[in-house]
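Engineer: I am sharing entry15.cif, which consists of mmCIF, C-alpha atoms:
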data_entry
loop_
_atom_site.label_atom_id
_atom_site.label_comp_id
_atom_site.auth_asym_id
_atom_site.auth_seq_id
_atom_site.Cartn_x
_atom_site.Cartn_y
_atom_site.Cartn_z
CA MET P 26 55.42 -74.20 5.74
CA LYS P 27 54.86 -70.57 6.71
CA TYR P 28 52.58 -71.82 9.47
CA TYR P 29 55.37 -73.92 11.00
CA ILE P 30 57.94 -71.12 10.67
CA GLY P 31 55.47 -68.77 12.36
CA LYS P 32 54.79 -71.32 15.10
CA ALA P 33 58.54 -71.92 15.67
CA SER P 34 59.29 -68.19 15.85
CA LEU P 35 56.45 -67.76 18.35
CA ILE P 36 57.87 -70.51 20.57
CA TRP P 37 61.34 -68.97 20.22
CA TYR P 38 59.97 -65.53 21.17
CA ARG P 39 58.02 -66.82 24.16
CA LEU P 40 60.80 -69.06 25.42
CA ASP P 41 61.80 -68.24 28.98
CA TRP P 42 65.56 -68.03 28.58
CA ARG P 43 66.19 -68.09 32.31
CA LYS P 44 64.55 -71.54 32.46
CA VAL P 45 66.57 -72.71 29.46
CA GLN P 46 69.76 -71.40 31.08
CA PHE P 47 68.84 -73.16 34.33
CA ILE P 48 68.23 -76.49 32.57
CA LEU P 49 71.52 -76.16 30.62
CA PHE P 50 73.34 -75.35 33.85
CA LEU P 51 71.91 -78.45 35.55
CA ILE P 52 72.80 -80.66 32.56
CA THR P 53 76.36 -79.26 32.58
CA VAL P 54 76.77 -80.00 36.31
CA LEU P 55 75.37 -83.53 35.91
CA LEU P 56 77.59 -84.32 32.93
CA PHE P 57 80.61 -82.86 34.74
CA VAL P 58 79.97 -85.05 37.79
CA LEU P 59 79.45 -88.15 35.63
CA ALA P 60 82.63 -87.53 33.65
CA ALA P 61 84.88 -86.36 36.51
CA ALA P 62 84.01 -89.10 39.02
CA ALA P 63 85.01 -92.71 38.55
CA PRO P 64 82.92 -94.87 40.88
CA GLY P 65 83.16 -98.63 40.43
CA THR P 66 79.70 -100.14 40.11
CA GLY P 67 80.46 -103.56 38.73
CA GLY P 68 78.70 -102.54 35.57
CA GLY P 69 75.27 -103.89 36.47
CA PRO P 70 73.31 -106.36 34.37
CA GLY P 71 74.41 -106.76 30.76
CA GLN P 72 77.64 -104.82 31.17
CA GLY P 73 79.88 -107.83 30.70
CA THR P 74 82.38 -109.30 33.13
CA ASN P 75 85.57 -109.31 31.13
CA SER P 76 87.65 -109.11 34.31
CA LEU P 77 86.30 -112.35 35.78
CA THR P 78 88.42 -115.44 35.35
CA PRO P 79 86.64 -118.17 33.36
CA THR P 80 85.20 -120.84 35.60
CA PRO P 81 86.29 -124.45 34.92
CA GLY P 82 84.04 -126.02 32.35
CA GLY P 83 82.35 -122.73 31.65
CA MET N 11 74.74 -93.00 43.99
CA ILE N 12 76.75 -90.74 46.28
CA LEU N 13 77.07 -88.30 43.35
CA SER N 14 73.38 -88.28 42.41
CA LEU N 15 72.48 -87.84 46.09
CA ALA N 16 74.89 -84.88 46.34
CA VAL N 17 73.35 -83.24 43.24
CA LEU N 18 69.81 -83.80 44.52
CA ALA N 19 70.63 -82.59 48.06
CA GLY N 20 72.43 -79.53 46.65
CA LEU N 21 69.50 -78.62 44.41
CA ILE N 22 66.97 -78.96 47.25
CA THR N 23 69.18 -76.92 49.62
CA GLY N 24 69.65 -74.24 46.93
CA VAL N 25 65.88 -73.94 46.37
CA VAL N 26 65.15 -73.84 50.12
CA ARG N 27 67.85 -71.17 50.70
CA SER N 28 66.55 -69.01 47.85
CA CYS N 29 63.05 -69.21 49.37
CA LEU N 30 64.36 -68.40 52.87
CA TYR N 31 66.43 -65.40 51.70
CA ARG N 32 63.76 -64.37 49.16
CA MET N 33 66.29 -64.37 46.38
CA PRO N 34 65.72 -65.46 42.79
CA LEU N 35 67.08 -68.92 41.96
CA ARG N 36 69.89 -67.68 39.75
CA PHE N 37 72.80 -69.96 38.99
CA PRO N 38 76.15 -68.62 37.79
CA ALA N 39 76.84 -68.49 34.06
CA LEU N 40 79.62 -71.02 33.53
CA ARG N 41 82.33 -70.35 30.98
CA TYR N 42 83.00 -72.80 28.15
CA PRO N 43 80.37 -75.43 29.12
CA TRP N 44 80.92 -77.14 25.75
CA LEU N 45 84.18 -78.53 27.20
CA VAL N 46 82.06 -80.64 29.58
CA PHE N 47 79.88 -81.94 26.72
CA VAL N 48 82.95 -82.94 24.67
CA ALA N 49 84.57 -84.59 27.73
CA PHE N 50 81.36 -86.49 28.47
CA LEU N 51 81.01 -87.65 24.84
CA LEU N 52 84.59 -89.00 24.84
CA GLN N 53 83.78 -91.14 27.87
CA TYR N 54 80.33 -92.06 26.56
CA PHE N 55 81.82 -93.63 23.44
CA ALA N 56 84.68 -95.30 25.33
CA PHE N 57 82.75 -96.72 28.30
CA THR N 58 78.96 -96.59 27.82
CA LEU N 59 77.74 -97.01 24.23
CA PRO N 60 77.88 -100.83 23.70
CA VAL N 61 78.88 -100.70 20.01
CA THR N 62 81.81 -98.32 20.44
CA ARG N 63 83.10 -99.52 23.80
CA GLN N 64 83.48 -103.07 22.43
CA ALA N 65 85.36 -101.74 19.40
CA ILE N 66 87.69 -99.32 21.18
CA PRO N 67 90.86 -101.07 22.47
CA ASP N 68 91.83 -100.58 26.12
CA PRO N 69 94.78 -98.21 25.48
CA TRP N 70 92.53 -95.91 23.44
CA ALA N 71 89.82 -96.06 26.09
CA GLY N 72 92.42 -95.06 28.71
CA ALA N 73 93.62 -92.23 26.46
CA SER N 74 90.00 -91.02 26.03
CA LEU N 75 89.56 -90.95 29.79
CA VAL N 76 92.78 -88.98 30.32
CA LEU N 77 91.92 -86.53 27.51
CA SER N 78 88.41 -85.97 28.84
CA LEU N 79 89.78 -85.33 32.36
CA ILE N 80 92.23 -82.77 30.89
CA LEU N 81 89.28 -81.00 29.21
CA LEU N 82 87.45 -80.97 32.55
CA LEU N 83 90.53 -79.56 34.31
CA VAL N 84 90.61 -76.72 31.73
CA PHE N 85 86.90 -76.13 32.36
CA VAL N 86 87.50 -75.96 36.13
CA GLY N 87 90.41 -73.56 35.53
CA TRP N 88 88.17 -71.17 33.56
CA ASN N 89 85.45 -71.27 36.24
CA TRP N 90 87.71 -71.40 39.28
CA ARG N 91 86.05 -68.44 41.03
CA GLN N 92 82.56 -69.94 40.98
CA PRO N 93 81.26 -71.49 44.24
CA GLY N 94 82.15 -75.16 44.70
CA PHE N 95 84.73 -75.24 41.92
CA ALA N 96 87.67 -75.39 44.33
CA ALA N 97 86.33 -78.70 45.72
CA LEU N 98 85.43 -79.96 42.23
CA GLY N 99 88.98 -79.09 41.11
CA VAL N 100 90.58 -80.93 44.07
CA GLY N 101 88.48 -84.06 43.42
CA LEU N 102 89.20 -83.97 39.72
CA ALA N 103 92.94 -83.48 40.31
CA LEU N 104 93.02 -86.44 42.76
CA ASN N 105 91.19 -88.73 40.30
CA PHE N 106 93.34 -87.50 37.41
CA THR N 107 96.58 -88.16 39.35
CA VAL N 108 95.69 -91.72 40.34
CA ILE N 109 94.31 -92.52 36.86
CA ILE N 110 97.39 -91.23 35.05
CA LEU N 111 99.72 -93.15 37.39
CA ASN N 112 97.84 -96.42 36.84
CA GLY N 113 97.80 -96.66 33.06
CA GLY N 114 94.83 -94.41 32.30
CA PHE N 115 92.25 -96.18 34.47
CA MET N 116 90.96 -95.90 38.04
CA PRO N 117 92.44 -98.81 40.02
CA ILE N 118 90.20 -101.00 42.15
CA ALA N 119 91.40 -103.81 44.43
CA PRO N 120 90.02 -107.32 43.74
CA ASN N 121 88.54 -107.60 47.25
CA ILE N 122 86.59 -104.35 46.72
CA ALA N 123 85.45 -105.44 43.23
CA ALA N 124 84.27 -108.77 44.68
CA ARG N 125 81.84 -106.86 46.91
CA LEU N 126 80.19 -105.37 43.79
CA VAL N 127 79.68 -108.57 41.81
CA PRO N 128 77.29 -111.06 43.44
CA GLY N 129 78.89 -114.45 43.94
CA ALA N 130 82.42 -113.31 43.04
CA SER N 131 85.45 -113.59 45.30
CA ALA N 132 88.74 -111.68 45.30
CA THR N 133 90.41 -114.53 43.41
CA SER N 134 87.82 -114.44 40.61
CA PHE N 135 89.34 -111.43 38.89
CA ILE N 136 92.11 -111.17 36.32
CA HIS N 137 94.69 -108.68 37.56
CA GLY N 138 95.28 -105.88 35.07
CA ALA N 139 91.92 -106.36 33.29
CA ARG N 140 89.26 -103.70 33.07
CA PHE N 141 86.42 -104.09 35.55
CA ALA N 142 83.18 -104.71 33.59
CA MET N 143 84.27 -102.45 30.69
CA SER N 144 84.17 -99.45 33.03
CA LYS N 145 86.76 -96.79 33.95
CA ASP N 146 88.10 -99.15 36.61
CA LEU N 147 91.07 -101.51 36.35
CA ILE N 148 91.53 -104.54 38.60
CA LEU N 149 94.86 -104.18 40.40
CA PRO N 150 96.10 -105.74 43.64
CA GLU N 151 96.91 -103.09 46.24
CA ALA N 152 100.63 -103.90 46.07
CA SER N 153 100.70 -103.04 42.36
CA MET N 154 98.78 -99.77 42.68
CA GLN N 155 100.34 -96.34 42.56
CA LEU N 156 98.76 -94.07 45.20
CA GLY N 157 96.34 -96.82 46.24
CA TRP N 158 94.75 -94.55 48.85
CA LEU N 159 93.25 -92.53 45.97
CA SER N 160 91.71 -95.60 44.28
CA ASP N 161 88.08 -96.73 44.43
CA GLN N 162 88.38 -98.05 47.97
CA PHE N 163 85.26 -96.83 49.81
CA LEU N 164 82.04 -98.82 49.73
CA LEU N 165 78.46 -97.77 50.36
CA PRO N 166 76.78 -99.37 53.40
CA SER N 167 75.45 -102.88 52.76
CA TRP N 168 71.83 -101.69 53.14
CA ALA N 169 72.16 -99.28 50.19
CA PRO N 170 69.97 -100.37 47.22
CA LEU N 171 72.85 -99.96 44.74
CA GLN N 172 76.41 -100.97 45.55
CA ALA N 173 79.32 -98.85 44.33
CA ALA N 174 82.95 -98.26 45.21
CA PHE N 175 84.19 -94.67 45.17
CA SER N 176 87.42 -92.78 45.66
CA LEU N 177 88.51 -89.84 47.78
CA GLY N 178 88.38 -87.71 44.61
CA ASP N 179 84.74 -88.74 44.10
CA VAL N 180 83.94 -87.54 47.64
CA TRP N 181 85.44 -84.10 46.85
CA ILE N 182 83.51 -83.97 43.55
CA ALA N 183 80.25 -84.84 45.34
CA PHE N 184 80.97 -82.12 47.94
CA GLY N 185 81.79 -79.57 45.21
CA ALA N 186 78.60 -80.36 43.26
CA PHE N 187 76.56 -79.98 46.45
CA TRP N 188 78.25 -76.65 47.26
CA LEU N 189 77.77 -75.30 43.72
CA LEU N 190 74.04 -76.05 43.72
CA ALA N 191 73.33 -75.17 47.37
CA TYR N 192 75.38 -71.96 47.62
CA HIS N 193 75.12 -70.98 43.95
CA GLU N 194 74.43 -67.32 44.70
CA GLY N 195 78.06 -66.65 45.77
CA ARG N 196 78.69 -62.96 45.16
CA ASN N 197 75.07 -62.43 44.21
CA LYS N 198 74.05 -62.85 47.84
CA LYS N 199 76.50 -60.18 48.98
CA GLU N 200 75.20 -57.85 46.25
CA HIS N 201 71.66 -58.70 47.29
CA ASP N 202 72.46 -57.96 50.96
CA ASN N 203 74.12 -54.66 49.97
CA GLN N 204 71.09 -53.68 47.90
CA GLU N 205 68.79 -54.53 50.81
CA HIS N 206 71.00 -52.48 53.16
CA TRP N 207 70.96 -49.39 50.93
CA ARG N 208 67.27 -49.77 50.18
CA GLY N 209 66.61 -49.78 53.93
CA ARG N 210 68.74 -46.66 54.45
CA ASN N 211 67.01 -44.83 51.57
CA ASP N 212 63.61 -45.72 53.02
CA ILE N 213 64.63 -44.24 56.38
CA LEU N 214 65.98 -41.07 54.74
CA SER N 215 62.83 -40.63 52.64
CA MET N 216 60.72 -40.95 55.82
CA ARG N 217 62.62 -38.02 57.31
#
Step by step, read the file and then write its structure as structure tokens.

Structural biologist:
Amino acid sequence: MKYYIGKASLIWYRLDWRKVQFILFLITVLLFVLAAAAPGTGGGPGQGTNSLTPTPGG
Amino acid sequence: MILSLAVLAGLITGVVRSCLYRMPLRFPALRYPWLVFVAFLLQYFAFTLPVTRQAIPDPWAGASLVLSLILLLVFVGWNWRQPGFAALGVGLALNFTVIILNGGFMPIAPNIAARLVPGASATSFIHGARFAMSKDLILPEASMQLGWLSDQFLLPSWAPLQAAFSLGDVWIAFGAFWLLAYHEGRNKKEHDNQEHWRGRNDILSMR
């Protein structure tokens, strides 16, 4: 157990926080763009087509 | 696709500019980024995760979209001075306006939707139904409020993925590009000032 705590604290100590900040910044921008924009894609395969009228006999 | 291209192009331009100006690649610290995560999660459950999106009724899905856009507007308000956020704010406000005026969803005309579904025609769609469980709602142009802000632009036919996008989406793509490409903002001015004074000090020390 102590080994893993020691290992985790070493990783934490050696972590390059500028890289972490950069990755978090990129994730924030990506999520913002995904949430703010509303492009229509048709859903792609497996997304369902609830807006299509049922075809006769189908 | 237009959005992912804008993010990728902005990132590449930002890296190239930082190399050209010999500046560290340092992006601005954004305030309250957790707002974006909460806004994204709201939409993820309402429109993406299959289990939840089937279970959530349309009015609640529309309310989730509106609430998440409000959170994003607050986020933009807190970070207004950062590069690119003016354009992101304009795009978000345009999308928010058209969504709120059309029942909580982004309207899309049947003839535009037909271009995105292989084999479908404009008459194949039920008016007033959600388009493939997405943020879009099928509405004829005559029934739309502010139809010019709807998903009305299409990618060229040779594009590998087809998508319809709105004027707000174009602004958001531009803002994301600007934020990533010209991220240094004030930092560059500070950097230039430092370089200027360093140069002057070097000259003075030579004397």

Engineer: Please return, as a ChimeraX atom specification, all residues of chain N lying within 8 Å of chain P when all atoms listed in the file are considered.

Structural biologist: /N:13,17,36-37,39-40,43,46-47,49-50,53,78-79,82,102,105,116,118,123,126-127,134-137,139-146,148,161,172-176,178-179,182-183,186

Engineer: Would you mind exporting C-alpha atoms of the selected residues as a PDB file, keeping the file's coordinate frame?

Structural biologist:
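The resulting file, selection_31.pdb, is shown below:
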ATOM      1  CA  LEU N  13      77.070 -88.300  43.350  1.00  0.00           C
ATOM      2  CA  VAL N  17      73.350 -83.240  43.240  1.00  0.00           C
ATOM      3  CA  ARG N  36      69.890 -67.680  39.750  1.00  0.00           C
ATOM      4  CA  PHE N  37      72.800 -69.960  38.990  1.00  0.00           C
ATOM      5  CA  ALA N  39      76.840 -68.490  34.060  1.00  0.00           C
ATOM      6  CA  LEU N  40      79.620 -71.020  33.530  1.00  0.00           C
ATOM      7  CA  PRO N  43      80.370 -75.430  29.120  1.00  0.00           C
ATOM      8  CA  VAL N  46      82.060 -80.640  29.580  1.00  0.00           C
ATOM      9  CA  PHE N  47      79.880 -81.940  26.720  1.00  0.00           C
ATOM     10  CA  ALA N  49      84.570 -84.590  27.730  1.00  0.00           C
ATOM     11  CA  PHE N  50      81.360 -86.490  28.470  1.00  0.00           C
ATOM     12  CA  GLN N  53      83.780 -91.140  27.870  1.00  0.00           C
ATOM     13  CA  SER N  78      88.410 -85.970  28.840  1.00  0.00           C
ATOM     14  CA  LEU N  79      89.780 -85.330  32.360  1.00  0.00           C
ATOM     15  CA  LEU N  82      87.450 -80.970  32.550  1.00  0.00           C
ATOM     16  CA  LEU N 102      89.200 -83.970  39.720  1.00  0.00           C
ATOM     17  CA  ASN N 105      91.190 -88.730  40.300  1.00  0.00           C
ATOM     18  CA  MET N 116      90.960 -95.900  38.040  1.00  0.00           C
ATOM     19  CA  ILE N 118      90.200-101.000  42.150  1.00  0.00           C
ATOM     20  CA  ALA N 123      85.450-105.440  43.230  1.00  0.00           C
ATOM     21  CA  LEU N 126      80.190-105.370  43.790  1.00  0.00           C
ATOM     22  CA  VAL N 127      79.680-108.570  41.810  1.00  0.00           C
ATOM     23  CA  SER N 134      87.820-114.440  40.610  1.00  0.00           C
ATOM     24  CA  PHE N 135      89.340-111.430  38.890  1.00  0.00           C
ATOM     25  CA  ILE N 136      92.110-111.170  36.320  1.00  0.00           C
ATOM     26  CA  HIS N 137      94.690-108.680  37.560  1.00  0.00           C
ATOM     27  CA  ALA N 139      91.920-106.360  33.290  1.00  0.00           C
ATOM     28  CA  ARG N 140      89.260-103.700  33.070  1.00  0.00           C
ATOM     29  CA  PHE N 141      86.420-104.090  35.550  1.00  0.00           C
ATOM     30  CA  ALA N 142      83.180-104.710  33.590  1.00  0.00           C
ATOM     31  CA  MET N 143      84.270-102.450  30.690  1.00  0.00           C
ATOM     32  CA  SER N 144      84.170 -99.450  33.030  1.00  0.00           C
ATOM     33  CA  LYS N 145      86.760 -96.790  33.950  1.00  0.00           C
ATOM     34  CA  ASP N 146      88.100 -99.150  36.610  1.00  0.00           C
ATOM     35  CA  ILE N 148      91.530-104.540  38.600  1.00  0.00           C
ATOM     36  CA  ASP N 161      88.080 -96.730  44.430  1.00  0.00           C
ATOM     37  CA  GLN N 172      76.410-100.970  45.550  1.00  0.00           C
ATOM     38  CA  ALA N 173      79.320 -98.850  44.330  1.00  0.00           C
ATOM     39  CA  ALA N 174      82.950 -98.260  45.210  1.00  0.00           C
ATOM     40  CA  PHE N 175      84.190 -94.670  45.170  1.00  0.00           C
ATOM     41  CA  SER N 176      87.420 -92.780  45.660  1.00  0.00           C
ATOM     42  CA  GLY N 178      88.380 -87.710  44.610  1.00  0.00           C
ATOM     43  CA  ASP N 179      84.740 -88.740  44.100  1.00  0.00           C
ATOM     44  CA  ILE N 182      83.510 -83.970  43.550  1.00  0.00           C
ATOM     45  CA  ALA N 183      80.250 -84.840  45.340  1.00  0.00           C
ATOM     46  CA  ALA N 186      78.600 -80.360  43.260  1.00  0.00           C
TER      47      ALA N 186
END

Engineer: For the structure shown, which residues end up in the PyMOL selection byres ((chain N and resi 99) around 10)? Put them as a list in words, please?

Structural biologist: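 Applying the expression gives Ala61 of chain P; Leu82, Leu83, Val84, Phe85, Val86, Gly87, Asn89, Trp90, Gly94, Phe95, Ala96, Ala97, Leu98, Val100, Gly101, Leu102, Ala103, Leu104, Asn105, Gly178, Trp181, Ile182 and Gly185 of chain N.
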
Engineer: Could you please determine the separation between atom CA of N:Arg27 and atom CA of N:Trp88 in Å, to one decimal place?

Structural biologist: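 Distance reported for this atom pair: 26.6 Å.
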
Engineer: One number please: atom CA of N:Phe187 to atom CA of N:Leu21, in Å, one decimal.

Structural biologist: 7.5 Å

Engineer: Using atom CA of N:Pro166 and atom CA of N:Leu190 as the two end points, give the distance in Å to one decimal.

Structural biologist: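 Computing the Euclidean distance for atom CA of N:Pro166 and atom CA of N:Leu190 yields 25.4 Å.
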
Engineer: Mind giving me the axis-aligned box for stretch 36-46 of chain P with 8 Å on every side, centre plus edges in Å to one decimal, as AutoDock Vina command-line options?

Structural biologist:
--center_x 63.8 --center_y -69.1 --center_z 26.3 --size_x 27.9 --size_y 23.2 --size_z 28.2

Engineer: Mind checking which residues fall within 9 Å of stretch 56-60 of chain N, counting all atoms listed in the file, ignoring those fewer than 2 positions away in the same chain, and posting them as a VMD selection string?

Structural biologist: (chain P and resid 72) or (chain N and resid 51 to 54 62 to 68 70 to 72 74 to 75 143 to 145)
